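What follows is one structure encoded as structure tokens, with my remarks underneath.
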Amino acid sequence: MAKLARFRKRRSTEDILLDAFVYIFLICLIVVTLYPFLNTVAVSFNDGLDSLKGGIYLWPRKFTTFNYRMLLARPQIYQAVKVTLARTVLSTVLGVFSTAILAYTISRKEFVLRKFISTIYVITLYVNGGLIPTYFVYRFLGLTNSFWVYIWPAILHAFNLIIVRTYISGLPESLIESAKIDGAGEFTIFLRIIFPLIKPVLAVVALFTAVAAWNSWFDVFVYNPMKPELSTLAYELQKVLASAQQMSTSMELAMSRAAAGANEVTPRAIRATMTVIVTVPIACIYPFLQKYFVHGLTLGGVKE
Amino acid sequence: MKSELSVDPVKIKKKDTFLAKLWEQRAWVMMSFPFIVYVIIFRYLPVGGWLMAFQNYWPARSFFDQTWVGFENFKVLFEDPVFFQVLRNTIAISAIKLTLGMFFAILLALILNEVRSIKFKRITQTISYLPYFISWVVAANLVRDLLATDGIINEILMFFNIIDKPIMFLGVPELFWWVIGFSHVWKQIGWDAIVYLAAMTSINPNLYEAAMIDGASRLQRIRHITLPALRPTLVILMILNIGQLMNAGFEQVYLLQNGRVIEYARIFEIFELDFGLKMMRYSFATAAGIFRSVVSIVLVLSANYIAKRLDQERLI
Amino acid sequence: MKRFKGLMLLLVLVMAIGSLVVAQEYKEFTLFSSDPLPDYPGSTILGDIIDKETGVKLKREFLVGDLETRLGLMIASGDYPDMMYAAHYTQRLVDAGAYIPLEDLIEEHAPNIKKYYAKFFDQITAPDGHIYFLPQQAIPFGANDRRYPALGFYINKRVLKDAGWPKVKTFDQMFELIENYMAKNPTYKGQPTIGWLTTFDSTYNYSTTNVPQHLMGYPNEGGFVAPKEGNKFVVRPYHTGLVEKYYYQKLNEMYNKGVVDPEMFVINYDQYIERLASGRVLGTFAQHWVLQQAQDILNRDDPDSILIPFPIVFDEMVEEYMRDTPYIQQTQGMGITVACKDPVGVIKYWDYLVANQMLIQWGIEGEHYEVDENGMYYRTEEQLALFRDPNWVRDVFGRQYYLNLFPSLIGVAEDGNSYVPDNQPSMIYAAATPSEKEVMDAYGIKSFTDFYNPPKPHDKVPYYPIWTITVPTGSPAHIEGTRHGDLMKEYVPRLVMSSPAEFEIIWEDYVNRTRPLLKLRLEYLQEQVNWRVENWGPKIEN
């Protein structure tokens, strides 16, 4: 009993200090990270030309939904969203699964090809053939002017591979041992034992892959520029941004505007609106993934 | 099926050959083989384009019609008067970003782990990575507003009488690297912490309970349970990031630089673009890229070796 | 009877099939333009008329990312559209062999193009004797007038009003005005007044570094000028010259007095516009398009602070001619690529467009403009209102989709009407905002360009402008140019922001390091200027 009492007392002083530190740190962090985002939202709902004067903080000064209409009320958007969703889901599913399998094999210390595979993948992080040679290879493979150029090249990323491998290496060997003794084959071990246990890190890979797919427009630009049916959301948004930038510095247009205050679309407003459009879906999906970041393994133990 | 752990002295010799091992591990080979082919085709085949660095590449002519100039492009690169300044800036900026970035990301992960209310933890985590999605073009403007002479930072500092005249933060050359470093932290901290948080989920909660019963304080629990569990991830990420020392962050530096700090802001990627692609000097751009890749690989392999020596987790 | 019926049936059948065949079938051409525009809306007022009359439908691609990448890929892969416009990369496309020669096509199939562009053929012919692209604007007759000149030293209206609408000529006079006003009005709407500010953001920093040539009275020639010495034009750098020294010294003095914005070299372009739009900047220099957004905001929200352009020089004796000599943009234009299967169709399409410029610019008579007793076009208030909305003009009317890409015309047509409606003489004053009108009335002018001298005519400066001479890509001269730009980025801030005592030392240093970086371009430009004078100029005797 005495031990418990002492134990409880020691908890309280240190606890309070630590808790205070934690909360102060996090509140500061929230302010510092939320403010820019709220500011961006405010700018997105503000009249474009008015935003150029600066001084917008948390609230729009001249409210308008024009920026959103400019970006979204376009017929091409529906097709683009469909394409984007398709590529996001497909890349993520294929990516997670492929990464997991490969990571499992190279986590096995006895695997003869372990070092070889790790090395060739890690090197890809620092080595790039260049845009034009890459373009030619993809063209040769028949990937240009096609939807599949969005999927195949993006399946495996060395970074994801490494973090999954690291995670698997951290799992107790005993699990695998006992499965082998029970007569399980490699693939079964992977599917039945490893896969369920590495859900947290796979959730991370899923997040990274999905976000990258959701945001990509450069590959559309390079490989499918003349195929409007393969456009993605990010690409459509980028188009509006590019033309807004053009309009804001066009000498020709300068003369024809007599400042009647007509709704003017400025690059600054467009960028802010794009950020919001792109981020909101991700912020909505993330809570679903968060539940995987839960303490503890189902080691036959209790989940928190 | 025989357990892999059984040791049969007679059979060991036979099983030692590479091919034999391959056969023995054929399940793993089959699982990984498609991905080996994949990476070779998609990532290594284009590297053939590196040959461009040894030519005087002109896009209109076919690959085989080009003039070969050997190491000429590399010579031009190394002899450029600003080469060393560019190298210095690039490495300094990356090193600062790496150190600050990792430190704060881990700190955040540790702190989030200590939060008791799940709801608060989730909300904070979601908010913390929002800046990641703001493009640098938007973010740079925000940073400029923040650091302006009439911006919030100066106002706060003057309010507390730490300074009596506003400081033009972006105009102080020596501060430039730190401005880049801290704005990077702000933007990346939430996102980078995700990997560490995921790693922390593999810690057995029983360990914590056992430690609590033994009377360990929270700080002690962090030091002796959480951190060691994070170590492999930490080391691996550090090695990977060391390889990125040659990439200082093109967009961020380009947008935050200005006339006063230009000597500290010339980095490799901008240099490569100005003198390479913008002039359609593909060969030069490729040579610069090769240089960067080679340095990165050397750095990674060295870091890996050091980790091995220190008995840490290895990347390769 | 039966036979007759049968014949009738046959006739009807034939007519039916015939009409199907004869019914409008459209040709399709593909187009790439480096000017980003939103996707073509599918139907616009102009587009519908043009499509119907030419029988051509266009499939358009506009630039979304960066031009280098897109063009690099196009050239490497050979995947070209039928016609293409690539801004400042046009020459590189010619070098890469992407375009086909046009002179024969024009000769045989494009009478209108021939008619309007004939005067400029020798300017757009490449050294190998072929014409590879058509610049977008040819100027048939008079010079193009506008409300605002292309560039100027802008002074805040409040300063001018306060001083009783003075005529400002020299740099010193301008700063005197500014300093006086600033002493009386150190703040504006709660924020400090900024006496002088130009942008130094990397993409626009020539707004700061180009100024010395204008103080010398020149229009925009780029990095070098070519005064006439004797009967030759000699290319000279103005960087490191005496006027430049005067310019930076003056800025240095003003900076140390607090007149120049202390953050001038730290802020970016967006922040520059912000400051202008706030109305507290008293003086700036820019090409008009650089600050027109700010001017729009000021006209709308703070009309008393709009910026008024003046042609300022460094000394009373200098005669300025800062207005652009009408020139044809002969380094950029639209061309037909080697991938086009029907070049004749394309050139005929262009020909139609050139012949119908009034339609594209003005619209349909009665709907978009009216004609007065003298045959001059004008717009009523409602029509003006329509055209003030840039989104309507682009998406409903369709103007941008037919202008600025294709060969088109500016200037004044044979009947005296201006091609560009806003430059119609009657409209320049009429369409000005009330605030602008107040200034123009005070000075007794009808357009801000009236402050300026008329530009030098073409035969006086046949090589004009130097900045359209592009140095060969990737050449040592090109590299020299980039290095020079880099050097200026470093030294200009130091020249302006140092203490007056240090100025001389920094200036010496700057001169010593800059001089070697001017040699190669000087040589190349002189060569080109000589060539231009010989081939484009009137034959000069003696």
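Ordering of the structure tokens sets the chain letters (A, B, ...); residue numbers start at 1 within each chain; ligands are numbered from 1 in the order shown.
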
Give me, as a VMD selection string, the contact residues of chain C against chain A at a cut-off of 8 Å, counting only C-alpha atoms. chain C and resid 35 to 38 61 63 to 65 69 to 70 72 to 73 76 to 77 146 to 148 270 to 271 273 to 275 277 to 278 288 to 290 292 to 294 296 to 297 299 to 300 387 to 391 422 431 to 433

Quick one: contact table of chain C to chain B, 10 Å max, nearest atom pair and distance in Å to one decimal per residue, counting only C-alpha atoms, chain and number order, as a Markdown table?
| residue | atom | partner | partner_atom | distance |
| --- | --- | --- | --- | --- |
| C:Leu67 | CA | B:Lys278 | CA | 9.8 |
| C:Glu68 | CA | B:Lys278 | CA | 6.9 |
| C:Thr69 | CA | B:Leu277 | CA | 8.4 |
| C:Gly72 | CA | B:Pro59 | CA | 7.3 |
| C:Leu73 | CA | B:Pro59 | CA | 9.1 |
| C:Met74 | CA | B:Pro59 | CA | 9.7 |
| C:Ile75 | CA | B:Pro59 | CA | 6.5 |
| C:Ala76 | CA | B:Pro59 | CA | 5.8 |
| C:Ser77 | CA | B:Pro59 | CA | 9.5 |
| C:Gly78 | CA | B:Ala60 | CA | 9.2 |
| C:Arg92 | CA | B:Met280 | CA | 9.1 |
| C:Leu93 | CA | B:Ala60 | CA | 8.8 |
| C:Val94 | CA | B:Ala60 | CA | 9.9 |
| C:Asp95 | CA | B:Ala60 | CA | 7.6 |
| C:Ala96 | CA | B:Ala60 | CA | 4.6 |
| C:Gly97 | CA | B:Ala60 | CA | 7.0 |
| C:Ala98 | CA | B:Ala60 | CA | 8.7 |
| C:Gln191 | CA | B:Asp150 | CA | 9.5 |
| C:Phe200 | CA | B:Gly259 | CA | 7.3 |
| C:Asp201 | CA | B:Asn258 | CA | 7.0 |
| C:Ser202 | CA | B:Asn258 | CA | 7.6 |
| C:Asn205 | CA | B:Gly259 | CA | 9.6 |
| C:Pro262 | CA | B:Met168 | CA | 8.9 |
| C:Glu263 | CA | B:Met168 | CA | 7.5 |
| C:Met264 | CA | B:Gly259 | CA | 9.2 |
| C:Phe265 | CA | B:Gly259 | CA | 5.5 |
| C:Val266 | CA | B:Asn258 | CA | 5.3 |
| C:Ile267 | CA | B:Asn258 | CA | 7.2 |
| C:Asn268 | CA | B:Asn258 | CA | 7.6 |
| C:Asp270 | CA | B:Asn141 | CA | 8.0 |
| C:Gln271 | CA | B:Asn141 | CA | 8.3 |
| C:Pro472 | CA | B:Met279 | CA | 9.2 |
| C:Thr473 | CA | B:Met279 | CA | 5.5 |
| C:Gly474 | CA | B:Met279 | CA | 4.9 |
| C:Ser475 | CA | B:Met279 | CA | 8.5 |
| C:His478 | CA | B:Met279 | CA | 7.8 |
| C:Ile479 | CA | B:Phe275 | CA | 7.1 |
| C:Thr482 | CA | B:Asp274 | CA | 7.7 |
| C:Arg483 | CA | B:Phe275 | CA | 9.3 |
| C:Asp486 | CA | B:Ile262 | CA | 8.7 |
| C:Leu487 | CA | B:Ile262 | CA | 9.7 |
| C:Met488 | CA | B:Gly259 | CA | 8.9 |
| C:Lys489 | CA | B:Gly259 | CA | 5.4 |
| C:Glu490 | CA | B:Gly259 | CA | 5.9 |
| C:Tyr491 | CA | B:Gly259 | CA | 8.3 |
| C:Val492 | CA | B:Gly259 | CA | 7.9 |
| C:Pro493 | CA | B:Gly259 | CA | 6.1 |
| C:Arg494 | CA | B:Arg260 | CA | 7.7 |
| C:Met497 | CA | B:Arg260 | CA | 9.6 |

Could you list, as a ChimeraX atom specification, every residue of chain B that has an atom within 6 Å of an atom of chain A, counting only C-alpha atoms? /B:28,32,46-47,49,111,128,134,198,201-202,204-205,293,316

Contacts of Asn453 of chain C within 9 Å, only C-alpha atoms, excl. fewer than 6 positions in-chain, as a PDB file with all heavy atoms, in the first residue's frame:
ATOM      1  N   PRO C 311       7.661  60.758 -68.542  1.00  0.00           N
ATOM      2  CA  PRO C 311       8.949  60.379 -69.132  1.00  0.00           C
ATOM      3  C   PRO C 311      10.060  61.191 -68.466  1.00  0.00           C
ATOM      4  O   PRO C 311      10.304  62.339 -68.832  1.00  0.00           O
ATOM      5  CB  PRO C 311       8.782  60.802 -70.598  1.00  0.00           C
ATOM      6  CG  PRO C 311       7.817  61.952 -70.561  1.00  0.00           C
ATOM      7  CD  PRO C 311       6.968  61.814 -69.324  1.00  0.00           C
ATOM      8  N   GLU C 319      16.593  65.032 -74.624  1.00  0.00           N
ATOM      9  CA  GLU C 319      15.342  64.864 -75.352  1.00  0.00           C
ATOM     10  C   GLU C 319      14.967  63.390 -75.285  1.00  0.00           C
ATOM     11  O   GLU C 319      15.711  62.548 -75.734  1.00  0.00           O
ATOM     12  CB  GLU C 319      15.543  65.259 -76.828  1.00  0.00           C
ATOM     13  CG  GLU C 319      15.257  66.713 -77.126  1.00  0.00           C
ATOM     14  CD  GLU C 319      13.843  67.123 -76.718  1.00  0.00           C
ATOM     15  OE1 GLU C 319      12.870  66.441 -77.131  1.00  0.00           O
ATOM     16  OE2 GLU C 319      13.718  68.087 -75.953  1.00  0.00           O
ATOM     17  N   GLU C 320      13.812  63.130 -74.715  1.00  0.00           N
ATOM     18  CA  GLU C 320      13.479  61.708 -74.575  1.00  0.00           C
ATOM     19  C   GLU C 320      12.678  61.219 -75.771  1.00  0.00           C
ATOM     20  O   GLU C 320      11.990  61.991 -76.423  1.00  0.00           O
ATOM     21  CB  GLU C 320      12.699  61.480 -73.284  1.00  0.00           C
ATOM     22  CG  GLU C 320      11.392  62.257 -73.153  1.00  0.00           C
ATOM     23  CD  GLU C 320      10.183  61.593 -73.785  1.00  0.00           C
ATOM     24  OE1 GLU C 320      10.296  60.408 -74.169  1.00  0.00           O
ATOM     25  OE2 GLU C 320       9.144  62.258 -73.915  1.00  0.00           O
ATOM     26  N   TYR C 321      12.818  59.966 -76.046  1.00  0.00           N
ATOM     27  CA  TYR C 321      11.915  59.325 -77.009  1.00  0.00           C
ATOM     28  C   TYR C 321      11.586  57.934 -76.497  1.00  0.00           C
ATOM     29  O   TYR C 321      11.853  56.926 -77.123  1.00  0.00           O
ATOM     30  CB  TYR C 321      12.499  59.300 -78.430  1.00  0.00           C
ATOM     31  CG  TYR C 321      13.818  58.576 -78.596  1.00  0.00           C
ATOM     32  CD1 TYR C 321      13.855  57.324 -79.195  1.00  0.00           C
ATOM     33  CD2 TYR C 321      15.016  59.150 -78.200  1.00  0.00           C
ATOM     34  CE1 TYR C 321      15.049  56.650 -79.371  1.00  0.00           C
ATOM     35  CE2 TYR C 321      16.221  58.486 -78.372  1.00  0.00           C
ATOM     36  CZ  TYR C 321      16.220  57.248 -78.958  1.00  0.00           C
ATOM     37  OH  TYR C 321      17.408  56.587 -79.130  1.00  0.00           O
ATOM     38  N   MET C 322      11.004  57.919 -75.324  1.00  0.00           N
ATOM     39  CA  MET C 322      10.774  56.655 -74.632  1.00  0.00           C
ATOM     40  C   MET C 322       9.668  55.801 -75.206  1.00  0.00           C
ATOM     41  O   MET C 322       9.508  54.666 -74.798  1.00  0.00           O
ATOM     42  CB  MET C 322      10.464  56.930 -73.157  1.00  0.00           C
ATOM     43  CG  MET C 322      11.711  57.115 -72.325  1.00  0.00           C
ATOM     44  SD  MET C 322      11.280  57.190 -70.605  1.00  0.00           S
ATOM     45  CE  MET C 322      11.990  58.743 -70.181  1.00  0.00           C
ATOM     46  N   ARG C 323       8.910  56.350 -76.116  1.00  0.00           N
ATOM     47  CA  ARG C 323       7.853  55.503 -76.674  1.00  0.00           C
ATOM     48  C   ARG C 323       8.445  54.570 -77.707  1.00  0.00           C
ATOM     49  O   ARG C 323       9.353  54.930 -78.452  1.00  0.00           O
ATOM     50  CB  ARG C 323       6.758  56.377 -77.283  1.00  0.00           C
ATOM     51  CG  ARG C 323       5.948  57.090 -76.205  1.00  0.00           C
ATOM     52  CD  ARG C 323       4.844  57.890 -76.810  1.00  0.00           C
ATOM     53  NE  ARG C 323       3.957  57.049 -77.586  1.00  0.00           N
ATOM     54  CZ  ARG C 323       3.028  57.524 -78.396  1.00  0.00           C
ATOM     55  NH1 ARG C 323       2.878  58.825 -78.526  1.00  0.00           N
ATOM     56  NH2 ARG C 323       2.252  56.708 -79.076  1.00  0.00           N
TER      57      ARG C 323
END

With a distance cut-off of 9 Å and only C-alpha atoms, select the neighbouring residues of Gln249 of chain C, excluding the residue or stretch itself and same-chain residues fewer than 6 positions from it, and output the selection as a short mmCIF file (atom, residue, chain, number, x, y, z; two decimals) with N, CA and C atoms, in the first residue's frame.
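This went into out29.cif:
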data_model
loop_
_atom_site.label_atom_id
_atom_site.label_comp_id
_atom_site.auth_asym_id
_atom_site.auth_seq_id
_atom_site.Cartn_x
_atom_site.Cartn_y
_atom_site.Cartn_z
N LEU C 495 24.75 48.58 -53.62
CA LEU C 495 24.97 49.96 -54.05
C LEU C 495 23.95 50.89 -53.41
N VAL C 496 22.71 50.44 -53.36
CA VAL C 496 21.66 51.33 -52.86
C VAL C 496 21.66 51.41 -51.34
N PRO C 500 26.63 56.33 -47.69
CA PRO C 500 27.18 57.13 -48.79
C PRO C 500 28.70 57.04 -48.88
N PHE C 503 29.84 54.00 -50.92
CA PHE C 503 29.32 53.86 -52.27
C PHE C 503 30.41 53.76 -53.31
#

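Take atom CA of Phe195 of chain A and atom CA of Ala100 of chain A: the distance between them is 7.4 Å.
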